[in-house]
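Visitor: query-v2.cif is reproduced below (mmCIF, C-alpha atoms and all ligand atoms).
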```cif
data_input
loop_
_atom_site.label_atom_id
_atom_site.label_comp_id
_atom_site.auth_asym_id
_atom_site.auth_seq_id
_atom_site.Cartn_x
_atom_site.Cartn_y
_atom_site.Cartn_z
CA MET D 1 115.40 73.84 75.87
CA GLU D 2 117.40 76.74 77.35
CA LYS D 3 115.34 79.45 78.99
CA VAL D 4 115.28 83.26 79.03
CA LEU D 5 113.66 85.17 81.88
CA VAL D 6 111.86 88.36 80.76
CA THR D 7 110.96 90.63 83.68
CA ARG D 8 107.94 92.40 82.10
CA ARG D 9 105.53 91.66 79.28
CA ILE D 10 107.13 93.13 76.14
CA SER D 11 106.18 93.13 72.46
CA ASP D 12 104.91 89.84 71.03
CA ASN D 13 107.33 90.17 68.10
CA ALA D 14 110.32 90.33 70.43
CA LEU D 15 109.13 87.32 72.43
CA ALA D 16 108.44 85.40 69.22
CA PHE D 17 111.96 86.21 68.01
CA ILE D 18 113.48 84.66 71.13
CA GLN D 19 111.21 81.60 70.89
CA LYS D 20 111.84 81.10 67.16
CA SER D 21 115.55 81.30 67.88
CA GLY D 22 115.12 78.14 69.94
CA TYR D 23 114.72 79.40 73.51
CA GLU D 24 111.87 79.14 75.94
CA THR D 25 110.70 82.35 77.63
CA THR D 26 109.45 82.86 81.18
CA ILE D 27 107.61 86.17 81.49
CA TYR D 28 107.04 87.88 84.82
CA THR D 29 103.61 89.48 84.48
CA GLU D 30 102.85 90.83 87.95
CA ILE D 31 102.34 94.60 88.21
CA LYS D 32 105.06 95.16 90.77
CA ASN D 33 108.82 95.41 90.89
CA ILE D 34 110.71 92.21 91.66
CA ALA D 35 112.69 92.15 94.90
CA GLN D 36 116.32 91.29 94.17
CA ASN D 37 116.34 87.98 96.05
CA ASP D 38 113.19 86.91 94.21
CA LEU D 39 114.82 87.80 90.90
CA ILE D 40 117.86 85.74 91.85
CA LYS D 41 115.59 82.76 92.55
CA MET D 42 113.68 83.30 89.31
CA CYS D 43 116.94 83.29 87.35
CA GLU D 44 117.60 79.71 88.47
CA GLY D 45 117.11 77.43 85.50
CA HIS D 46 117.54 80.31 83.03
CA VAL D 47 120.59 81.07 80.93
CA GLY D 48 119.56 84.55 79.81
CA LEU D 49 117.91 87.55 81.47
CA LEU D 50 116.04 90.23 79.54
CA SER D 51 115.76 92.89 82.23
CA VAL D 52 112.99 95.47 81.96
CA GLY D 53 112.45 97.92 84.83
CA PRO D 54 114.63 98.98 87.75
CA ASN D 55 116.38 95.68 88.54
CA LYS D 56 119.66 96.12 90.39
CA ILE D 57 122.39 94.17 88.63
CA ASP D 58 125.03 94.55 91.31
CA GLU D 59 127.76 92.44 92.92
CA HIS D 60 125.25 90.47 95.04
CA PHE D 61 123.02 89.72 92.05
CA LEU D 62 125.88 88.82 89.72
CA SER D 63 127.70 86.64 92.23
CA SER D 64 124.44 84.70 92.67
CA CYS D 65 123.73 84.50 88.93
CA LYS D 66 127.15 83.66 87.46
CA HIS D 67 125.44 81.04 85.30
CA LEU D 68 123.79 83.70 83.12
CA LYS D 69 125.33 83.82 79.65
CA GLY D 70 124.12 87.37 79.14
CA ILE D 71 121.83 90.11 80.44
CA ALA D 72 120.00 92.32 77.93
CA LEU D 73 118.62 95.53 79.40
CA MET D 74 115.62 97.10 77.72
CA SER D 75 116.83 100.62 78.45
CA VAL D 76 119.63 102.89 77.34
CA GLY D 77 120.53 103.78 80.94
CA TYR D 78 122.61 101.27 82.87
CA ASP D 79 123.13 103.06 86.16
CA LYS D 80 121.76 100.03 88.04
CA VAL D 81 124.53 97.81 86.67
CA ASP D 82 127.88 97.21 88.35
CA LEU D 83 130.05 96.78 85.26
CA ASP D 84 133.17 95.77 87.21
CA ALA D 85 131.22 92.96 88.86
CA ALA D 86 129.78 91.91 85.47
CA ASN D 87 133.32 91.76 84.07
CA SER D 88 134.67 89.81 86.99
CA TYR D 89 131.90 87.21 86.71
CA GLY D 90 132.20 87.16 82.90
CA VAL D 91 128.63 88.27 82.19
CA PRO D 92 128.12 90.38 79.05
CA ILE D 93 125.45 93.09 79.36
CA SER D 94 123.74 95.08 76.61
CA ASN D 95 121.49 98.16 76.45
CA THR D 96 119.24 99.76 73.80
CA PRO D 97 120.90 102.95 72.53
CA ASP D 98 119.89 105.10 69.50
CA VAL D 99 116.42 103.63 68.91
CA LEU D 100 114.94 105.77 71.70
CA SER D 101 116.80 109.01 71.05
CA GLU D 102 114.03 110.72 69.06
CA ALA D 103 111.19 109.70 71.39
CA THR D 104 113.13 110.80 74.47
CA ALA D 105 114.13 114.09 72.85
CA ASP D 106 110.42 114.60 72.03
CA THR D 107 109.62 114.21 75.72
CA ALA D 108 112.21 116.83 76.66
CA PHE D 109 110.80 119.14 73.96
CA LEU D 110 107.25 118.52 75.19
CA LEU D 111 108.25 119.41 78.75
CA MET D 112 110.14 122.53 77.62
CA LEU D 113 107.08 123.92 75.85
CA ALA D 114 104.59 122.67 78.45
CA VAL D 115 106.53 124.39 81.25
CA ALA D 116 107.02 127.58 79.23
CA ARG D 117 103.22 127.82 78.76
CA LYS D 118 102.21 126.31 82.13
CA ALA D 119 100.22 123.70 80.25
CA PHE D 120 99.76 121.04 82.94
CA PHE D 121 98.71 123.59 85.58
CA MET D 122 96.24 125.22 83.16
CA HIS D 123 94.67 121.83 82.48
CA LYS D 124 94.18 121.34 86.22
CA THR D 125 92.56 124.79 86.66
CA ILE D 126 89.84 123.81 84.15
CA ALA D 127 89.27 120.51 85.94
CA ARG D 128 88.88 122.48 89.19
CA GLY D 129 86.21 124.69 87.57
CA GLU D 130 88.43 127.79 87.71
CA TRP D 131 88.19 128.85 84.04
CA GLN D 132 85.92 131.83 84.53
CA PHE D 133 86.81 134.88 82.50
CA PHE D 134 89.53 136.24 80.23
CA ASN D 135 92.22 138.04 82.17
CA PRO D 136 94.91 139.29 79.78
CA MET D 137 97.47 139.54 82.57
CA GLN D 138 96.98 136.12 84.09
CA TYR D 139 98.90 132.89 83.58
CA LEU D 140 101.49 134.40 81.29
CA GLY D 141 104.16 132.05 80.00
CA GLN D 142 107.43 132.56 78.20
CA GLU D 143 108.27 132.35 74.50
CA LEU D 144 111.09 130.09 73.42
CA HIS D 145 111.85 131.75 70.10
CA GLY D 146 115.48 132.89 69.91
CA LYS D 147 116.24 131.82 73.48
CA THR D 148 119.28 129.80 74.51
CA LEU D 149 119.00 126.06 75.01
CA GLY D 150 121.74 124.60 77.17
CA VAL D 151 122.29 120.88 76.83
CA LEU D 152 124.21 119.02 79.48
CA GLY D 153 125.39 115.90 77.66
CA LEU D 154 125.18 116.56 73.94
CA GLY D 155 125.12 112.90 72.88
CA ARG D 156 122.46 111.15 70.85
CA ILE D 157 119.37 112.32 72.76
CA GLY D 158 120.72 115.81 73.49
CA LEU D 159 121.55 116.28 69.82
CA GLU D 160 118.01 115.32 68.74
CA LEU D 161 116.58 117.85 71.19
CA ALA D 162 118.98 120.54 69.99
CA LYS D 163 117.98 119.92 66.35
CA LYS D 164 114.27 120.23 67.20
CA ALA D 165 114.79 123.40 69.26
CA LYS D 166 116.85 124.97 66.49
CA ALA D 167 114.31 124.06 63.79
CA ALA D 168 111.23 125.07 65.78
CA TYR D 169 112.42 128.18 67.62
CA HIS D 170 115.82 129.14 66.19
CA MET D 171 117.19 128.58 69.67
CA ASN D 172 120.89 129.18 70.23
CA ILE D 173 122.49 125.93 71.29
CA VAL D 174 125.14 125.81 74.00
CA TYR D 175 126.39 122.65 75.65
CA HIS D 176 128.71 121.04 78.12
CA ASN D 177 130.12 117.55 77.59
CA ARG D 178 133.11 115.46 78.50
CA ASN D 179 134.11 115.67 74.82
CA ARG D 180 133.41 118.31 72.18
CA ASN D 181 130.61 117.41 69.75
CA GLU D 182 132.00 118.67 66.46
CA GLN D 183 129.00 117.48 64.47
CA ALA D 184 126.69 119.66 66.57
CA GLU D 185 129.08 122.59 66.39
CA ARG D 186 129.10 122.33 62.57
CA GLN D 187 125.39 121.53 62.01
CA LEU D 188 123.79 123.70 64.66
CA GLY D 189 126.46 126.25 65.53
CA ALA D 190 126.43 124.73 69.03
CA LYS D 191 128.86 126.42 71.40
CA TYR D 192 130.89 124.48 73.96
CA LEU D 193 130.82 126.02 77.47
CA THR D 194 132.12 125.11 80.89
CA PHE D 195 129.48 123.77 83.27
CA ASP D 196 129.29 127.08 85.15
CA GLU D 197 128.95 129.02 81.89
CA LEU D 198 126.18 126.65 80.83
CA LEU D 199 124.32 127.33 84.08
CA ALA D 200 124.74 131.09 83.68
CA GLN D 201 123.74 131.35 80.00
CA SER D 202 120.88 128.84 79.49
CA ASP D 203 117.26 129.99 79.29
CA VAL D 204 116.32 126.33 79.11
CA LEU D 205 118.75 123.76 80.53
CA SER D 206 118.10 120.14 79.58
CA VAL D 207 119.94 117.23 81.19
CA HIS D 208 121.03 114.25 79.06
CA VAL D 209 123.89 112.68 81.00
CA ASN D 210 124.11 109.26 82.62
CA LEU D 211 123.67 108.95 86.35
CA THR D 212 127.17 108.40 87.75
CA ASN D 213 129.00 109.32 90.95
CA GLU D 214 129.95 112.60 89.25
CA THR D 215 126.43 113.54 88.13
CA LYS D 216 124.51 112.39 91.23
CA GLY D 217 123.03 115.48 92.91
CA LEU D 218 124.81 117.76 90.40
CA PHE D 219 121.84 120.12 90.29
CA ASP D 220 121.74 121.34 93.87
CA LYS D 221 121.29 124.69 95.59
CA ASN D 222 124.68 125.83 94.38
CA ALA D 223 123.97 124.95 90.72
CA PHE D 224 120.43 126.39 90.71
CA GLY D 225 121.87 129.53 92.30
CA LYS D 226 124.04 130.07 89.22
CA MET D 227 121.12 129.83 86.79
CA LYS D 228 119.05 132.69 85.37
CA PRO D 229 115.83 133.67 87.18
CA ASN D 230 113.90 133.00 83.94
CA ALA D 231 115.53 129.57 83.44
CA ILE D 232 113.60 126.37 82.84
CA PHE D 233 115.23 123.17 84.10
CA ILE D 234 114.40 119.96 82.21
CA ASN D 235 115.41 116.47 83.34
CA THR D 236 114.56 113.41 81.25
CA ALA D 237 117.71 111.50 82.27
CA ARG D 238 117.63 110.28 85.89
CA GLY D 239 115.91 111.80 88.93
CA ALA D 240 118.94 111.50 91.19
CA ILE D 241 120.83 114.03 89.04
CA HIS D 242 118.84 116.84 90.64
CA HIS D 243 118.40 117.40 94.34
CA GLU D 244 114.63 117.60 94.71
CA GLU D 245 114.41 119.76 97.84
CA ASP D 246 116.88 122.24 96.36
CA LEU D 247 114.87 122.32 93.13
CA LEU D 248 111.66 123.00 95.05
CA ALA D 249 113.33 125.80 97.01
CA ALA D 250 114.82 127.30 93.82
CA LEU D 251 111.33 127.38 92.26
CA GLN D 252 109.65 128.73 95.40
CA HIS D 253 112.23 131.54 95.78
CA GLY D 254 112.27 132.46 92.09
CA THR D 255 115.93 131.42 91.74
CA ILE D 256 114.80 129.69 88.54
CA TRP D 257 111.47 130.01 86.71
CA GLY D 258 110.22 126.50 85.97
CA ALA D 259 110.96 122.81 85.74
CA GLY D 260 109.93 119.86 83.60
CA LEU D 261 110.69 116.40 84.93
CA ASP D 262 110.21 113.01 83.31
CA VAL D 263 112.32 111.45 86.05
CA THR D 264 112.09 111.82 89.81
CA ASN D 265 113.79 110.44 92.88
CA PRO D 266 112.18 108.29 94.11
CA GLU D 267 109.98 106.89 91.37
CA PRO D 268 107.02 106.85 91.50
CA MET D 269 106.73 110.40 92.84
CA ASP D 270 104.39 110.75 95.83
CA LYS D 271 101.01 112.18 94.79
CA ASN D 272 101.28 114.85 97.52
CA ASN D 273 104.63 116.15 96.28
CA PRO D 274 104.42 119.99 96.32
CA LEU D 275 106.05 120.17 92.87
CA LEU D 276 102.82 118.78 91.42
CA ASP D 277 100.87 121.87 92.52
CA MET D 278 103.23 124.44 91.09
CA GLU D 279 102.22 126.61 88.17
CA ASN D 280 105.53 126.39 86.32
CA VAL D 281 106.21 122.71 86.84
CA CYS D 282 105.29 119.75 84.65
CA VAL D 283 106.01 116.19 85.76
CA LEU D 284 105.66 113.00 83.73
CA PRO D 285 105.99 109.40 84.99
CA HIS D 286 109.24 108.39 83.23
CA ILE D 287 107.68 108.01 79.78
CA GLY D 288 110.66 109.31 77.77
CA SER D 289 110.76 106.43 75.32
CA ALA D 290 107.13 105.32 75.69
CA THR D 291 105.84 105.24 72.13
CA GLU D 292 104.57 102.14 70.37
CA GLU D 293 107.26 102.44 67.72
CA THR D 294 110.16 102.96 70.09
CA ARG D 295 109.16 100.31 72.63
CA GLU D 296 108.84 97.82 69.77
CA LYS D 297 112.36 98.67 68.60
CA MET D 298 113.78 98.52 72.13
CA ALA D 299 112.20 95.13 72.79
CA MET D 300 113.46 93.73 69.50
CA MET D 301 116.96 95.08 70.12
CA ALA D 302 117.03 93.53 73.60
CA ALA D 303 115.74 90.23 72.17
CA GLN D 304 118.46 90.19 69.50
CA ASN D 305 121.10 90.91 72.11
CA ILE D 306 120.03 88.10 74.42
CA VAL D 307 119.83 85.61 71.57
CA ALA D 308 123.35 86.59 70.44
CA ALA D 309 124.65 86.06 73.98
CA LEU D 310 123.07 82.62 74.24
CA ARG D 311 124.54 81.62 70.91
CA GLY D 312 127.98 82.56 72.19
CA GLU D 313 128.20 85.56 69.87
CA GLN D 314 129.11 89.10 70.92
CA MET D 315 125.99 91.02 71.92
CA PRO D 316 125.60 93.78 69.28
CA GLN D 317 124.95 96.50 71.89
CA VAL D 318 127.26 95.16 74.60
CA ILE D 319 128.19 97.82 77.17
CA ASN D 320 131.10 95.89 78.68
CA PRO D 321 132.96 94.63 75.57
CA GLU D 322 136.05 94.06 77.70
CA VAL D 323 134.25 91.05 79.18
CA TYR D 324 134.95 89.14 75.97
CA GLU D 325 138.71 89.48 76.46
CA SER D 326 138.49 87.42 79.64
CA LEU D 327 136.06 84.77 78.32
C1 LIG D 401 116.14 104.28 79.58
O1 LIG D 401 116.07 103.70 78.50
O2 LIG D 401 117.21 104.39 80.22
C2 LIG D 401 114.88 104.83 80.14
O3 LIG D 401 115.11 105.85 81.03
C3 LIG D 401 114.07 103.74 80.81
O4 LIG D 401 114.73 103.30 81.94
#
```
Please render this file's structure as structure tokens.
Ligand code: DGY
Guide:
Amino acid sequence: MEKVLVTRRISDNALAFIQKSGYETTIYTEIKNIAQNDLIKMCEGHVGLLSVGPNKIDEHFLSSCKHLKGIALMSVGYDKVDLDAANSYGVPISNTPDVLSEATADTAFLLMLAVARKAFFMHKTIARGEWQFFNPMQYLGQELHGKTLGVLGLGRIGLELAKKAKAAYHMNIVYHNRNRNEQAERQLGAKYLTFDELLAQSDVLSVHVNLTNETKGLFDKNAFGKMKPNAIFINTARGAIHHEEDLLAALQHGTIWGAGLDVTNPEPMDKNNPLLDMENVCVLPHIGSATEETREKMAMMAAQNIVAALRGEQMPQVINPEVYESL
């Protein structure tokens, strides 16, 4: 029986789907990331890989695993994949778009409000026994009502966040994208801005772009310097899009007001990171899509993709469709 390697325990339904489709599954259950050379060895004897977690699918990996008939990622992001190498070795790769847009937008919304009201820091003050008396001038946050939400990357997740912000707080929506999002302009009155205009006008700026050579380190001293002093920076996309030391300095010097991060660089974030002690900062451990409902859908989507690849069919969520032209 042909075998699929699954690099984390995922939903039973998704595993059962693969098995009922006629494939055996090998599940890696250790609570640690797999070193690339170990993953290459594990892939021996398997025809499909369902990759969960930060596995690097690069030239070295692909040249050693040319026998794979497909790789299904259980994530929407594919910044760890070298698509040119995948094409040259004829390996189709899929991701899990759409099904996680609402959950991830919820996480961005949660961070926006939590930062605005200093929620995580307040929780810690109680745990430290510092809740003593009512001081009407202490720990004041910001209101979001009527403020401007800037979205960098108004795609599926950014649009969900914009809808929530509009519905909850009548926020004005501005955005910067490679392409205009006419649906958002019609539905939400979203206004297209240049990147510099987005920096200058956003009260909350939320990042929803892929990590690429162009977006790596995009939020640095220069970018933070163009933002408003009351601005809240939210990143639920990838940690490497912001420059952490520059973010820390921008917060310490009051260049911007607060930050909410679901992604850091590196991950996990060190427990002594000074960002964790700041009043106007909330950090989460990359849980954007971590709901029971969404993880079930992601696992099932990845399972369906890998089964399609093994049957010689086009993976429904293939990210390198051009690979099929050369097969
Ligand atoms: C995604 O789906 O890309 C999440 O960030 C998990 O990696």
Visitor: Would you mind listing what lies within 6 Å of Ile319 of chain D as a PyMOL selection string, with only C-alpha atoms counted and same-chain residues fewer than 2 positions away left out?
Guide: chain D and resi 93-94+321
Visitor: Which is closest to ligand LIG 401 (chain D) among D:Leu159, D:Ala114, D:His286, D:Gly77, if we use only C-alpha atoms and all ligand atoms?
Guide: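 Once distances to ligand LIG 401 (chain D) are computed over only C-alpha atoms and all ligand atoms, the minimum belongs to D:Gly77.
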Visitor: Could you name the residues that touch segment 97-108 of chain D at 6 Å or less, counting only C-alpha atoms, but leaving out those on the same chain fewer than 2 positions away, as a PyMOL selection string?
Guide: chain D and resi 76+110-111+157+160-161+288-289+294
Visitor: Mind writing the picked residues with C-alpha atoms as a PDB file, in the frame of the given file?
Guide:
```
ATOM      1  CA  VAL D  76     119.630 102.890  77.340  1.00  0.00           C
ATOM      2  CA  LEU D 110     107.250 118.520  75.190  1.00  0.00           C
ATOM      3  CA  LEU D 111     108.250 119.410  78.750  1.00  0.00           C
ATOM      4  CA  ILE D 157     119.370 112.320  72.760  1.00  0.00           C
ATOM      5  CA  GLU D 160     118.010 115.320  68.740  1.00  0.00           C
ATOM      6  CA  LEU D 161     116.580 117.850  71.190  1.00  0.00           C
ATOM      7  CA  GLY D 288     110.660 109.310  77.770  1.00  0.00           C
ATOM      8  CA  SER D 289     110.760 106.430  75.320  1.00  0.00           C
ATOM      9  CA  THR D 294     110.160 102.960  70.090  1.00  0.00           C
TER      10      THR D 294
END
```
Visitor: Neighbours of Leu205 of chain D within 10 Å (only C-alpha atoms; same-chain residues fewer than 5 positions away dropped), as a list in words?
Guide: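 The contact residues come out as Met112, Thr148, Leu149, Gly150, Val151, Leu152, Val174, Tyr175, Leu198, Leu199, Ala200, Met227, Ala231, Ile232, Phe233, Ile234, Asn235 and Ala259 of chain D.
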Visitor: Using 9 Å as the limit and counting only C-alpha atoms and all ligand atoms, can you tabulate each residue of chain D that touches ligand LIG 401 (chain D), with its shortest atom-to-atom distance in Å and the two atoms involved, as a tab-separated table?
Guide:
```
residue	atom	partner	partner_atom	distance
D:Val52	CA	D:LIG401	O4	8.0
D:Gly53	CA	D:LIG401	O4	6.5
D:Pro54	CA	D:LIG401	O4	7.2
D:Leu73	CA	D:LIG401	O1	8.6
D:Met74	CA	D:LIG401	O1	6.7
D:Ser75	CA	D:LIG401	O1	3.2
D:Val76	CA	D:LIG401	O1	3.8
D:Gly77	CA	D:LIG401	O2	3.5
D:Tyr78	CA	D:LIG401	O2	6.8
D:Asp79	CA	D:LIG401	O2	8.5
D:Asn95	CA	D:LIG401	O1	8.0
D:Thr96	CA	D:LIG401	O1	6.9
D:Pro97	CA	D:LIG401	O1	7.7
D:Leu100	CA	D:LIG401	O1	7.2
D:Thr104	CA	D:LIG401	C2	8.4
D:Asn210	CA	D:LIG401	O2	8.8
D:Thr236	CA	D:LIG401	O3	7.6
D:Ala237	CA	D:LIG401	O3	6.3
D:Arg238	CA	D:LIG401	O3	7.0
D:Asp262	CA	D:LIG401	O3	9.0
D:Val263	CA	D:LIG401	O3	8.0
D:His286	CA	D:LIG401	O3	6.8
D:Ile287	CA	D:LIG401	C3	7.8
D:Gly288	CA	D:LIG401	O3	6.5
D:Ser289	CA	D:LIG401	C2	6.5
D:Ala290	CA	D:LIG401	C3	8.8
D:Met298	CA	D:LIG401	O1	8.5
```
Visitor: Please work out which residues fall within 12 Å of (96.3, 120.8, 88.6), coordinates as given in the file, with all atoms listed in the file counting, and return them as a list in words.
Guide: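 Here is the list of nearby residues: Lys118, Ala119, Phe120, Phe121, Met122, His123, Lys124, Thr125, Ile126, Ala127, Arg128, Gly129, Glu130, Lys271, Asn272, Pro274, Leu275, Leu276, Asp277, Met278, Glu279, Asn280, Val281, Cys282 and Val283 of chain D.
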Visitor: Between atom CA of Glu267 of chain D and atom CA of Asp203 of chain D, what is the distance in Å, rounded to a tenth?
Guide: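 We find that atom CA of Glu267 of chain D and atom CA of Asp203 of chain D lie 27.1 Å from each other.
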Visitor: Which polymer residues, whether protein, DNA or RNA, lie within 12 Å of the coordinate (135.5, 102.1, 80.4) when you count all atoms listed in the file? List them as a PyMOL selection string, using the chain letters and numbers from the file.
Guide: chain D and resi 83-84+87+319-323
Visitor: Closest to Ile10 of chain D among D:Lys69, D:Lys164, D:Arg295, D:His253, using only C-alpha atoms?
Guide: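 When distances to Ile10 of chain D are compared using only C-alpha atoms, the smallest one comes from D:Arg295.
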Visitor: Which value, in Å to one decimal, gives the distance between atom CA of Gly239 of chain D and atom CA of Ser11 of chain D?
Guide: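 Between atom CA of Gly239 of chain D and atom CA of Ser11 of chain D the gap is 26.7 Å.
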Visitor: Taking into account only C-alpha atoms, which residue in the set D:Arg8, D:Gln304, D:His170, D:Thr212 is nearest to Ile31 of chain D?
Guide: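 Of D:Arg8, D:Gln304, D:His170, D:Thr212, the one nearest Ile31 of chain D is D:Arg8, counting only C-alpha atoms.
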Visitor: How many Å lie between atom CA of Arg117 of chain D and atom CA of Tyr139 of chain D, rounded to one decimal?
Guide: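 Taking atom CA of Arg117 of chain D and atom CA of Tyr139 of chain D, their separation equals 8.2 Å.
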Visitor: For Val209 of chain D, work out the shell of residues within 9 Å, counting all atoms listed in the file and skipping chain neighbours fewer than 4 positions away, then give it as a PyMOL selection string.
Guide: chain D and resi 152-155+158+177+215+237-238+241
Visitor: Would you kindly return, as number ranges by chain, each protein, DNA or RNA residue with an atom no farther than 8 Å from any atom of Cys43 of chain D, considering only C-alpha atoms and excluding same-chain residues fewer than 6 positions away?
Guide: D: 5, 49, 65
Visitor: From the list D:Ala303, D:Lys66, D:Ala308, D:Lys228, which residue is nearest Ile18 of chain D when using all atoms listed in the file?
Guide: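 Of all the options, D:Ala303 lies closest to Ile18 of chain D.
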Visitor: Given only C-alpha atoms as the basis, pick out the residue of D:Pro266, D:Gly45, D:Gly217, D:Gly70 nearest to Arg311 of chain D.
Guide: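 When distances to Arg311 of chain D are compared using only C-alpha atoms, the smallest one comes from D:Gly70.
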Visitor: Nearest to His176 of chain D: which of D:Glu44, D:Glu197, D:Asp246, D:Asp220 is it, counting all atoms listed in the file?
Guide: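 Smallest distance to His176 of chain D is found for D:Glu197.
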